[in-house]
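Peer 1: Below is the file target_5.cif, which contains mmCIF, C-alpha atoms, pLDDT in the B column; chains and numbers go by the auth columns.
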data_query
#
loop_
_atom_site.group_PDB
_atom_site.id
_atom_site.type_symbol
_atom_site.label_atom_id
_atom_site.label_comp_id
_atom_site.label_asym_id
_atom_site.label_seq_id
_atom_site.Cartn_x
_atom_site.Cartn_y
_atom_site.Cartn_z
_atom_site.B_iso_or_equiv
_atom_site.auth_seq_id
_atom_site.auth_asym_id
ATOM 1 C CA MET A 1 -156.493 140.695 42.157 60.00 1 X
ATOM 2 C CA PRO A 2 -154.694 139.589 38.978 58.00 2 X
ATOM 3 C CA SER A 3 -154.311 135.871 38.316 66.00 3 X
ATOM 4 C CA SER A 4 -150.534 136.191 38.744 68.00 4 X
ATOM 5 C CA ASN A 5 -151.167 136.407 42.498 87.00 5 X
ATOM 6 C CA PHE A 6 -152.498 132.841 42.515 94.00 6 X
ATOM 7 C CA VAL A 7 -150.869 129.445 42.135 95.00 7 X
ATOM 8 C CA VAL A 8 -152.483 126.439 40.492 97.00 8 X
ATOM 9 C CA GLU A 9 -151.843 123.160 42.232 97.00 9 X
ATOM 10 C CA GLN A 10 -153.303 119.716 42.563 98.00 10 X
ATOM 11 C CA PRO A 11 -155.486 119.051 45.594 98.00 11 X
ATOM 12 C CA VAL A 12 -153.795 116.621 47.944 97.00 12 X
ATOM 13 C CA SER A 13 -155.379 116.750 51.381 97.00 13 X
ATOM 14 C CA PRO A 14 -158.971 115.907 52.277 97.00 14 X
ATOM 15 C CA LYS A 15 -159.496 119.649 52.992 97.00 15 X
ATOM 16 C CA ASP A 16 -158.188 120.506 49.487 97.00 16 X
ATOM 17 C CA PHE A 17 -160.593 118.059 47.881 98.00 17 X
ATOM 18 C CA GLU A 18 -163.474 119.271 50.052 97.00 18 X
ATOM 19 C CA THR A 19 -163.084 122.894 48.931 98.00 19 X
ATOM 20 C CA TYR A 20 -162.372 121.806 45.333 98.00 20 X
ATOM 21 C CA TYR A 21 -165.560 119.731 45.073 98.00 21 X
ATOM 22 C CA GLN A 22 -167.578 122.378 46.888 98.00 22 X
ATOM 23 C CA LEU A 23 -166.632 124.941 44.238 98.00 23 X
ATOM 24 C CA ARG A 24 -167.551 122.526 41.457 97.00 24 X
ATOM 25 C CA TYR A 25 -170.904 121.879 43.084 98.00 25 X
ATOM 26 C CA ASN A 26 -171.667 125.546 43.790 98.00 26 X
ATOM 27 C CA VAL A 27 -170.795 126.733 40.280 97.00 27 X
ATOM 28 C CA LEU A 28 -171.736 123.802 38.063 96.00 28 X
ATOM 29 C CA ARG A 29 -174.502 121.849 39.766 96.00 29 X
ATOM 30 C CA LYS A 30 -176.336 123.900 42.401 97.00 30 X
ATOM 31 C CA PRO A 31 -177.590 126.556 39.917 95.00 31 X
ATOM 32 C CA TRP A 32 -179.278 123.724 37.997 94.00 32 X
ATOM 33 C CA ASN A 33 -180.924 122.448 41.206 97.00 33 X
ATOM 34 C CA GLN A 34 -178.846 119.270 41.138 96.00 34 X
ATOM 35 C CA PRO A 35 -178.210 117.393 44.384 96.00 35 X
ATOM 36 C CA LEU A 36 -174.963 117.511 46.305 96.00 36 X
ATOM 37 C CA GLY A 37 -172.827 114.647 45.038 95.00 37 X
ATOM 38 C CA SER A 38 -173.854 115.181 41.410 96.00 38 X
ATOM 39 C CA GLU A 39 -170.570 117.054 40.862 95.00 39 X
ATOM 40 C CA LEU A 40 -168.802 113.680 40.988 95.00 40 X
ATOM 41 C CA ASP A 41 -168.614 111.021 38.289 95.00 41 X
ATOM 42 C CA ASP A 42 -166.845 107.761 37.558 95.00 42 X
ATOM 43 C CA THR A 43 -163.669 109.425 36.210 94.00 43 X
ATOM 44 C CA GLU A 44 -162.702 111.291 39.402 96.00 44 X
ATOM 45 C CA ASN A 45 -160.055 108.752 40.429 95.00 45 X
ATOM 46 C CA THR A 46 -158.449 108.672 36.983 95.00 46 X
ATOM 47 C CA SER A 47 -158.404 112.441 36.444 97.00 47 X
ATOM 48 C CA ILE A 48 -155.788 115.037 37.270 97.00 48 X
ATOM 49 C CA HIS A 49 -157.419 117.741 39.372 98.00 49 X
ATOM 50 C CA ALA A 50 -156.180 121.319 39.545 98.00 50 X
ATOM 51 C CA PHE A 51 -157.266 124.376 41.466 98.00 51 X
ATOM 52 C CA ALA A 52 -156.346 127.827 42.717 98.00 52 X
ATOM 53 C CA LYS A 53 -157.175 128.935 46.245 96.00 53 X
ATOM 54 C CA ASP A 54 -157.600 132.181 48.095 96.00 54 X
ATOM 55 C CA ASN A 55 -157.338 131.991 51.884 94.00 55 X
ATOM 56 C CA GLY A 56 -157.666 128.200 51.720 94.00 56 X
ATOM 57 C CA ILE A 57 -160.865 128.244 49.640 96.00 57 X
ATOM 58 C CA ALA A 58 -160.994 127.003 46.032 98.00 58 X
ATOM 59 C CA ILE A 59 -161.718 129.857 43.631 98.00 59 X
ATOM 60 C CA ALA A 60 -160.996 128.148 40.289 98.00 60 X
ATOM 61 C CA CYS A 61 -160.764 124.501 39.324 98.00 61 X
ATOM 62 C CA ALA A 62 -160.884 121.960 36.529 98.00 62 X
ATOM 63 C CA ARG A 63 -159.682 118.466 35.806 97.00 63 X
ATOM 64 C CA LEU A 64 -157.944 116.627 33.016 98.00 64 X
ATOM 65 C CA HIS A 65 -159.150 113.217 31.954 96.00 65 X
ATOM 66 C CA PHE A 66 -157.127 111.043 29.565 97.00 66 X
ATOM 67 C CA VAL A 67 -159.465 109.789 26.851 96.00 67 X
ATOM 68 C CA ASP A 68 -156.910 107.680 24.991 97.00 68 X
ATOM 69 C CA SER A 69 -153.151 107.552 24.375 96.00 69 X
ATOM 70 C CA ARG A 70 -153.148 110.874 22.460 97.00 70 X
ATOM 71 C CA THR A 71 -156.218 112.752 23.695 97.00 71 X
ATOM 72 C CA ALA A 72 -157.209 114.434 26.939 98.00 72 X
ATOM 73 C CA GLN A 73 -160.391 116.216 27.959 97.00 73 X
ATOM 74 C CA VAL A 74 -160.700 119.245 30.204 97.00 74 X
ATOM 75 C CA ARG A 75 -163.747 118.790 32.372 96.00 75 X
ATOM 76 C CA SER A 76 -165.578 120.482 35.222 96.00 76 X
ATOM 77 C CA MET A 77 -164.042 123.942 34.797 96.00 77 X
ATOM 78 C CA ALA A 78 -165.430 126.269 37.457 97.00 78 X
ATOM 79 C CA VAL A 79 -164.493 129.739 38.667 97.00 79 X
ATOM 80 C CA HIS A 80 -166.103 131.331 41.701 97.00 80 X
ATOM 81 C CA PRO A 81 -168.368 134.188 40.458 96.00 81 X
ATOM 82 C CA THR A 82 -166.433 136.792 42.474 96.00 82 X
ATOM 83 C CA TYR A 83 -163.223 135.811 40.664 96.00 83 X
ATOM 84 C CA GLN A 84 -164.558 135.454 37.117 94.00 84 X
ATOM 85 C CA GLY A 85 -162.965 137.650 34.455 92.00 85 X
ATOM 86 C CA LYS A 86 -159.648 137.859 36.311 93.00 86 X
ATOM 87 C CA GLY A 87 -157.686 135.260 34.335 94.00 87 X
ATOM 88 C CA LEU A 88 -158.051 132.367 36.763 96.00 88 X
ATOM 89 C CA GLY A 89 -159.815 130.075 34.306 96.00 89 X
ATOM 90 C CA LYS A 90 -157.003 130.611 31.814 96.00 90 X
ATOM 91 C CA LEU A 91 -154.440 129.980 34.564 97.00 91 X
ATOM 92 C CA VAL A 92 -156.011 126.610 35.433 98.00 92 X
ATOM 93 C CA LEU A 93 -156.481 125.716 31.762 97.00 93 X
ATOM 94 C CA THR A 94 -152.823 126.469 30.964 97.00 94 X
ATOM 95 C CA TYR A 95 -151.734 124.293 33.881 98.00 95 X
ATOM 96 C CA LEU A 96 -153.809 121.374 32.571 98.00 96 X
ATOM 97 C CA GLU A 97 -152.631 121.927 28.984 97.00 97 X
ATOM 98 C CA GLU A 98 -149.030 121.654 30.171 97.00 98 X
ATOM 99 C CA LEU A 99 -149.800 118.434 32.048 97.00 99 X
ATOM 100 C CA SER A 100 -151.525 117.072 28.973 97.00 100 X
ATOM 101 C CA GLN A 101 -148.436 117.727 26.853 97.00 101 X
ATOM 102 C CA LYS A 102 -146.125 116.194 29.474 97.00 102 X
ATOM 103 C CA ASN A 103 -148.272 113.060 29.281 96.00 103 X
ATOM 104 C CA ASN A 104 -148.096 112.957 25.456 97.00 104 X
ATOM 105 C CA ARG A 105 -151.738 113.923 25.023 96.00 105 X
ATOM 106 C CA LEU A 106 -151.349 116.495 22.266 94.00 106 X
ATOM 107 C CA LYS A 107 -155.048 116.891 21.544 96.00 107 X
ATOM 108 C CA ILE A 108 -157.460 118.352 24.091 97.00 108 X
ATOM 109 C CA ILE A 109 -161.200 118.133 23.703 96.00 109 X
ATOM 110 C CA LEU A 110 -163.933 119.924 25.614 93.00 110 X
ATOM 111 C CA HIS A 111 -167.568 119.459 26.451 85.00 111 X
ATOM 112 C CA ALA A 112 -168.625 122.940 27.493 87.00 112 X
ATOM 113 C CA ARG A 113 -171.800 124.776 28.263 87.00 113 X
ATOM 114 C CA GLU A 114 -172.964 127.480 25.903 89.00 114 X
ATOM 115 C CA ASN A 115 -172.025 130.263 28.342 88.00 115 X
ATOM 116 C CA ALA A 116 -168.401 129.035 28.417 90.00 116 X
ATOM 117 C CA LEU A 117 -167.829 128.976 24.657 91.00 117 X
ATOM 118 C CA LYS A 118 -166.444 132.518 24.422 91.00 118 X
ATOM 119 C CA PHE A 119 -163.933 131.736 27.178 93.00 119 X
ATOM 120 C CA TYR A 120 -162.644 128.647 25.347 93.00 120 X
ATOM 121 C CA GLU A 121 -162.608 130.423 21.982 93.00 121 X
ATOM 122 C CA LYS A 122 -160.558 133.219 23.574 94.00 122 X
ATOM 123 C CA CYS A 123 -158.149 130.522 24.795 94.00 123 X
ATOM 124 C CA GLY A 124 -157.711 129.202 21.261 93.00 124 X
ATOM 125 C CA TYR A 125 -160.275 126.390 21.158 93.00 125 X
#
What would you get if you wrote out this structure as structure tokens?

Peer 2:
Amino acid sequence: MPSSNFVVEQPVSPKDFETYYQLRYNVLRKPWNQPLGSELDDTENTSIHAFAKDNGIAIACARLHFVDSRTAQVRSMAVHPTYQGKGLGKLVLTYLEELSQKNNRLKIILHARENALKFYEKCGY
């Protein structure tokens, strides 16, 4: 299941956002025994969200937050464990990088967990 079989889009419907946030919770918060709802923060409404789905379920997601007039931050990158290593994280990241450039944010910063560093380094960060 190569990443070329998937499309990255922005969640629009309540169902899209439900599956998007569920993936973020399951991958980023639940393993740390954090409560449901902790996957949300005060920048949700000002971020650009992106995800890829398989059979209507989010399998990869991240969001882009504008820090200032020239800088954006990729946040909350999550890929379902079954789909990791298949290029989906890179697909979502490329989508957000393109949106960042279109919005004149030419610098992207990250705040990543230790286990994600190799992924970002491989992507040129």

Peer 1: Measure the distance from CA of Ala116 (chain X) to CA of Gln101 (chain X) in Å and round it to one decimal.

Peer 2: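 CA of Gln101 (chain X) lies 23.0 Å from CA of Ala116 (chain X).
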
Peer 1: I need the residue set behind the PyMOL selection byres ((chain X and resi 67) around 12) for this file; please write it as a list in words.

Peer 2: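 Matching residues under the PyMOL selection byres ((chain X and resi 67) around 12) are Thr43, Thr46, Ser47, Leu64, His65, Phe66, Asp68, Ser69, Arg70, Thr71, Ala72, Gln73, Val74, Arg75, Ser100, Asn103, Asn104, Arg105, Leu106, Lys107, Ile108, Ile109 and Leu110 of chain X.
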
Peer 1: Find the residue from X:Cys123, X:Leu117, X:Ala60, X:Ala112 that sits nearest to Lys86 (chain X); use all atoms listed in the file when measuring.

Peer 2: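 For Lys86 (chain X), the nearest of the candidates is X:Ala60.
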
Peer 1: Taking into account all atoms listed in the file, which residue in the set X:Leu88, X:Asn115, X:Ala78, X:Tyr120 is nearest to Arg29 (chain X)?

Peer 2: X:Ala78

Peer 1: Go through X:Val8, X:Thr82, X:Ser76, X:Lys15 one by one, measure the shortest atom-to-atom distance of each to Leu40 (chain X) using only C-alpha atoms, and give the residue with the smallest value.

Peer 2: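 Closest to Leu40 (chain X), using only C-alpha atoms: X:Ser76.
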
Peer 1: Here is a test: counting all atoms listed in the file, which residue of X:Lys122, X:Lys53, X:Arg24, X:Lys90 is nearest to Glu9 (chain X)?

Peer 2: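 Nearest candidate to Glu9 (chain X) out of X:Lys122, X:Lys53, X:Arg24, X:Lys90: X:Lys53.
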
Peer 1: Could you state the separation of CA of Pro14 (chain X) and CA of Leu96 (chain X) in Å, given to one decimal place?

Peer 2: 21.1 Å

Peer 1: Counting only C-alpha atoms, figure out which residue out of X:Lys30, X:Gln10, X:Tyr83, X:Leu36 gets nearest to Leu99 (chain X).

Peer 2: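 So, comparing all the options, the nearest one is X:Gln10.
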
Peer 1: What does the PyMOL selection byres ((chain X and resi 19) around 9) select in this file, as a ChimeraX atom specification?

Peer 2: /X:14-18,20-24,53,56-59

Peer 1: Nearest to Met77 (chain X): which of X:Leu91, X:Cys61, X:Ala50, X:Val7 is it, counting only C-alpha atoms?

Peer 2: X:Cys61

Peer 1: What is the distance between CA of Asp41 (chain X) and CA of Phe6 (chain X), in Å to one decimal?

Peer 2: 27.5 Å

Peer 1: Starting from the point (-178.2, 118.0, 42.3), work out which residues of protein, DNA or RNA have an atom no more than 12 Å away when counting all atoms listed in the file; state them as a ChimeraX atom specification.

Peer 2: /X:24-40
